[in-house]
>>> print(open('model02.txt').read())   # compact mmCIF, C-alpha atoms and all ligand atoms
# COMPACT_ATOMS: atom_id res chain seq x y z
CA MET A 1 27.88 -9.11 -18.98
CA GLU A 2 27.53 -12.56 -17.45
CA VAL A 3 24.12 -14.13 -17.95
CA LEU A 4 23.65 -14.59 -14.21
CA ASP A 5 24.37 -10.89 -13.63
CA LEU A 6 21.71 -9.97 -16.21
CA ILE A 7 19.29 -12.32 -14.50
CA ARG A 8 20.10 -10.79 -11.12
CA GLU A 9 19.63 -7.22 -12.37
CA ARG A 10 16.43 -7.74 -14.36
CA ARG A 11 13.21 -6.35 -12.90
CA SER A 12 9.63 -6.12 -14.07
CA ILE A 13 9.34 -2.52 -15.23
CA ARG A 14 5.95 -0.89 -14.82
CA SER A 15 6.87 2.74 -15.50
CA TYR A 16 8.40 4.04 -18.76
CA ASP A 17 9.75 7.40 -19.88
CA GLY A 18 7.93 7.38 -23.23
CA ARG A 19 10.96 7.23 -25.55
CA VAL A 20 10.19 4.76 -28.33
CA VAL A 21 12.72 1.96 -28.67
CA GLU A 22 15.05 2.26 -31.67
CA THR A 23 14.48 -0.24 -34.49
CA GLU A 24 17.95 -1.77 -34.06
CA LYS A 25 17.30 -2.54 -30.38
CA LEU A 26 13.80 -3.83 -31.07
CA GLU A 27 15.23 -6.17 -33.67
CA LYS A 28 17.80 -7.51 -31.20
CA VAL A 29 15.06 -8.27 -28.68
CA LEU A 30 13.03 -10.08 -31.34
CA GLU A 31 16.13 -11.96 -32.47
CA ALA A 32 16.63 -13.29 -28.95
CA GLY A 33 13.13 -14.76 -29.14
CA ARG A 34 13.65 -16.11 -32.63
CA LEU A 35 16.70 -18.08 -31.50
CA ALA A 36 15.00 -19.60 -28.46
CA PRO A 37 14.58 -23.37 -28.25
CA SER A 38 11.16 -24.86 -28.95
CA ALA A 39 9.57 -28.30 -28.83
CA ARG A 40 10.62 -30.30 -31.91
CA ASN A 41 12.10 -26.99 -33.12
CA MET A 42 8.66 -26.18 -34.53
CA GLN A 43 8.91 -22.45 -33.67
CA GLU A 44 5.14 -22.18 -33.83
CA TRP A 45 5.15 -18.68 -32.38
CA LYS A 46 4.29 -15.24 -33.64
CA PHE A 47 5.80 -12.11 -32.15
CA VAL A 48 3.40 -9.22 -32.65
CA VAL A 49 4.94 -5.75 -32.29
CA VAL A 50 2.37 -3.12 -31.40
CA GLN A 51 3.07 0.61 -31.67
CA GLY A 52 0.84 3.60 -32.27
CA ALA A 53 -2.93 3.83 -32.10
CA ARG A 54 -3.67 0.17 -31.32
CA LEU A 55 -1.82 0.40 -28.01
CA ALA A 56 -4.88 1.98 -26.38
CA ALA A 57 -7.14 -0.97 -27.22
CA LEU A 58 -4.40 -3.43 -26.26
CA CYS A 59 -3.98 -1.66 -22.93
CA GLU A 60 -7.70 -1.96 -22.26
CA ALA A 61 -7.55 -5.69 -23.07
CA CYS A 62 -4.72 -5.98 -20.52
CA SER A 63 -6.80 -4.93 -17.52
CA SER A 64 -5.91 -1.32 -18.39
CA GLN A 65 -2.36 -1.81 -17.08
CA ARG A 66 -1.11 1.59 -18.18
CA MET A 67 2.48 0.55 -18.95
CA VAL A 68 1.22 -1.23 -22.07
CA GLN A 69 0.55 2.19 -23.59
CA GLU A 70 3.20 4.19 -21.74
CA ALA A 71 6.19 2.21 -23.05
CA GLY A 72 5.43 3.09 -26.67
CA THR A 73 5.90 -0.51 -27.81
CA ALA A 74 4.21 -3.71 -26.68
CA LEU A 75 4.98 -7.28 -27.67
CA VAL A 76 2.28 -9.93 -27.85
CA ILE A 77 3.69 -13.43 -27.92
CA CYS A 78 1.27 -15.85 -29.57
CA ALA A 79 1.24 -19.59 -30.04
CA ALA A 80 0.32 -20.25 -33.67
CA GLU A 81 -0.20 -23.95 -33.06
CA ASP A 82 -0.34 -26.01 -29.93
CA HIS A 83 0.02 -29.63 -29.06
CA VAL A 84 0.26 -31.56 -25.85
CA MET A 85 3.66 -33.15 -25.42
CA PRO A 86 4.12 -36.70 -24.06
CA CYS A 87 4.86 -35.14 -20.67
CA GLY A 88 1.35 -33.67 -20.67
CA GLN A 89 2.44 -30.05 -21.07
CA PRO A 90 1.28 -27.72 -23.88
CA SER A 91 4.21 -26.95 -26.18
CA GLY A 92 2.82 -23.64 -27.43
CA THR A 93 2.63 -22.06 -24.00
CA ILE A 94 6.05 -23.33 -23.04
CA ASP A 95 7.75 -22.34 -26.31
CA CYS A 96 6.33 -18.83 -26.15
CA SER A 97 7.37 -18.53 -22.51
CA ILE A 98 10.96 -19.44 -23.35
CA ALA A 99 11.02 -16.96 -26.23
CA LEU A 100 9.75 -14.15 -24.04
CA SER A 101 12.22 -15.07 -21.29
CA PHE A 102 15.09 -14.73 -23.76
CA MET A 103 13.68 -11.37 -24.88
CA LEU A 104 13.48 -10.11 -21.30
CA LEU A 105 17.18 -10.78 -20.85
CA GLN A 106 18.18 -9.22 -24.17
CA ALA A 107 16.13 -6.15 -23.30
CA GLN A 108 17.88 -5.96 -19.94
CA GLU A 109 21.28 -6.07 -21.64
CA LEU A 110 20.23 -3.16 -23.87
CA GLY A 111 19.07 -1.04 -20.94
CA LEU A 112 15.42 -1.55 -21.87
CA GLY A 113 12.57 -2.59 -19.63
CA MET A 114 9.83 -5.17 -20.02
CA CYS A 115 7.15 -6.68 -17.81
CA TRP A 116 5.59 -10.05 -18.46
CA LEU A 117 1.81 -9.63 -18.35
CA GLY A 118 -0.57 -12.47 -17.77
CA ALA A 119 -3.52 -10.30 -16.74
CA PHE A 120 -5.19 -9.89 -20.11
CA ASP A 121 -8.31 -11.03 -21.91
CA ALA A 122 -6.95 -13.15 -24.76
CA ASP A 123 -10.04 -12.73 -26.96
CA ALA A 124 -10.02 -8.96 -26.41
CA VAL A 125 -6.32 -8.86 -27.35
CA LYS A 126 -7.07 -10.73 -30.58
CA ARG A 127 -9.94 -8.38 -31.39
CA ALA A 128 -7.86 -5.28 -30.63
CA LEU A 129 -5.08 -6.40 -32.97
CA ASP A 130 -7.14 -8.25 -35.61
CA LEU A 131 -5.14 -11.41 -35.00
CA PRO A 132 -6.01 -14.67 -36.78
CA GLN A 133 -8.51 -16.80 -34.87
CA GLU A 134 -6.07 -19.70 -34.41
CA TRP A 135 -3.37 -17.60 -32.72
CA VAL A 136 -3.34 -17.87 -28.94
CA PRO A 137 -1.89 -14.90 -27.05
CA VAL A 138 0.33 -16.40 -24.35
CA ALA A 139 1.94 -13.28 -22.94
CA VAL A 140 2.06 -9.52 -23.42
CA SER A 141 4.88 -7.19 -22.46
CA PRO A 142 5.57 -3.49 -22.77
CA LEU A 143 9.01 -2.66 -24.16
CA GLY A 144 10.62 0.69 -23.53
CA TYR A 145 12.97 2.78 -21.46
CA PRO A 146 12.51 2.36 -17.71
CA ALA A 147 11.42 5.34 -15.63
CA GLU A 148 11.90 3.44 -12.39
CA GLN A 149 14.51 1.25 -10.72
CA PRO A 150 12.52 -1.22 -8.64
CA ALA A 151 14.14 -3.08 -5.80
CA ALA A 152 14.55 -6.81 -6.20
CA ARG A 153 11.47 -8.84 -5.28
CA PRO A 154 12.09 -11.62 -2.78
CA ARG A 155 12.89 -15.14 -3.93
CA LYS A 156 12.54 -18.40 -2.05
CA ALA A 157 15.68 -19.89 -0.56
CA MET A 158 17.46 -22.51 -2.65
CA GLU A 159 16.83 -25.20 0.00
CA GLU A 160 13.09 -24.61 -0.28
CA ILE A 161 12.91 -25.24 -4.02
CA THR A 162 15.56 -27.82 -4.78
CA LEU A 163 15.69 -31.53 -4.18
CA PHE A 164 19.02 -33.29 -4.58
CA LEU A 165 18.81 -37.02 -5.16
CA LYS A 166 22.25 -38.54 -5.05
CA ASP A 167 21.57 -42.19 -4.34
C1 LIG B 201 3.36 -15.52 -16.03
C2 LIG B 201 3.53 -14.13 -15.42
C3 LIG B 201 2.45 -13.27 -15.41
C4 LIG B 201 2.60 -11.96 -14.89
N1 LIG B 201 1.57 -11.07 -14.98
C5 LIG B 201 1.74 -9.81 -14.57
C6 LIG B 201 0.72 -8.83 -14.77
O1 LIG B 201 -0.32 -9.09 -15.37
N2 LIG B 201 0.96 -7.58 -14.29
C7 LIG B 201 2.12 -7.23 -13.67
O2 LIG B 201 2.26 -6.06 -13.29
N3 LIG B 201 3.12 -8.12 -13.50
C8 LIG B 201 2.96 -9.39 -13.93
N4 LIG B 201 3.99 -10.29 -13.81
C9 LIG B 201 5.26 -9.89 -13.22
C10 LIG B 201 5.47 -10.51 -11.83
O3 LIG B 201 4.63 -9.87 -10.90
C11 LIG B 201 6.96 -10.36 -11.46
O4 LIG B 201 7.76 -11.10 -12.37
C12 LIG B 201 7.25 -10.86 -10.04
O5 LIG B 201 6.59 -10.08 -9.08
C13 LIG B 201 8.75 -10.82 -9.72
O6 LIG B 201 9.25 -9.51 -9.91
P1 LIG B 201 10.48 -9.24 -10.90
O7 LIG B 201 10.03 -9.66 -12.28
O8 LIG B 201 10.74 -7.76 -10.83
O9 LIG B 201 11.63 -10.05 -10.43
C14 LIG B 201 3.85 -11.57 -14.33
C15 LIG B 201 4.93 -12.45 -14.38
C16 LIG B 201 4.79 -13.71 -14.94
C17 LIG B 201 6.01 -14.61 -15.04
>>> encode(input="model02.txt", output="structure tokens", more="lines below")
Ligand SMILES: Cc1cc2nc3c(=O)[nH]c(=O)nc-3n(C[C@H](O)[C@H](O)[C@H](O)COP(=O)(O)O)c2cc1C
Amino acid sequence: MEVLDLIRERRSIRSYDGRVVETEKLEKVLEAGRLAPSARNMQEWKFVVVQGARLAALCEACSSQRMVQEAGTALVICAAEDHVMPCGQPSGTIDCSIALSFMLLQAQELGLGMCWLGAFDADAVKRALDLPQEWVPVAVSPLGYPAEQPAARPRKAMEEITLFLKD
């Protein structure tokens, strides 16, 4: 499928049917993140795969958003080291965001659902998963089989968000 078609079809999935994702598919999603670009190619990220009993505590740390538990698998994308780039932006946050974006698209291609979650207590996530102190959870996402087909959310018009400078 064309990348733009995948992008067009992807939705945030907040309801899952409970089937646990097969190892082969999970590995493909992780591989998409592993191959993502990163600042200075440092790849200072950790992809934490959570299944089983710890999902309940992770769910609680994520404002009790129930899909964290319902999907059967959750990914926690952590920055293992961070530095501020010359442009003033934190590389860890950006690198992890690119990795998760690639994973969202790979999941879509496999017929799986994900939902980027920013509503979580980072310290509570670390406690729930016994993560090393220096790891910074940047994003959480459930990963599983969708039990809903949400309509597309609106997007701003191209003219509103682009600036062409041709002189
Ligand atoms: C940085 C970020 C944080 C988000 N946090 C949450 C969240 O905590 N809970 C949630 O249900 N959706 C969350 N979302 C999903 C957005 O609400 C969703 O991407 C947006 O409404 C567009 O819908 P779509 O992804 O289906 O196109 C988040 C998305 C991003 C990129």
>>> residues_near_ligand(input="model02.txt", ligand="ligand LIG 201 (chain B)", cutoff="9 Å", atoms="all atoms listed in the file", output="number ranges by chain")
A: 7-14, 62-63, 65, 67, 97, 101, 114-120, 138-141, 150-155
>>> atom_distance(input="model02.txt", atom1="CA of Glu60 in chain A", atom2="CA of Leu129 in chain A")
11.9 Å
>>> atom_distance(input="model02.txt", atom1="CA of Ala128 in chain A", atom2="CA of Ala57 in chain A")
5.5 Å
>>> residues_around(input="model02.txt", residues="Gly52 in chain A", least_positions_apart="6", cutoff="12 Å", atoms="all atoms listed in the file", output="list in words")
Val20, Leu58, Cys59, Val68, Gln69, Glu70, Ala71, Gly72, Thr73, Ala74 and Leu129 of chain A
>>> closest_residue(input="model02.txt", among="A:Leu30, A:Ala147, A:Met42, A:Ile77", to="Phe102 in chain A", atoms="only C-alpha atoms")
A:Leu30
>>> closest_residue(input="model02.txt", among="A:Ile94, A:Lys28, A:Phe164, A:Val76", to="Leu55 in chain A", atoms="all atoms listed in the file")
A:Val76
>>> closest_residue(input="model02.txt", among="A:Gln51, A:Asp123, A:Lys46, A:Met85", to="Gly18 in chain A", atoms="all atoms listed in the file")
A:Gln51
>>> residues_around(input="model02.txt", residues="Leu110 in chain A", least_positions_apart="3", cutoff="9 Å", atoms="all atoms listed in the file", output="MDAnalysis selection string")
chainID A and resid 25 28:29 105:107 113
>>> closest_residue(input="model02.txt", among="A:Glu2, A:Glu31, A:Glu134, A:Asp121", to="Glu81 in chain A", atoms="all atoms listed in the file")
A:Glu134
>>> atom_distance(input="model02.txt", atom1="CA of Gly92 in chain A", atom2="CA of Met158 in chain A")
28.8 Å
>>> residues_around(input="model02.txt", residues="Gln43 in chain A", least_positions_apart="6", cutoff="12 Å", atoms="only C-alpha atoms", output="count of residues only")
20
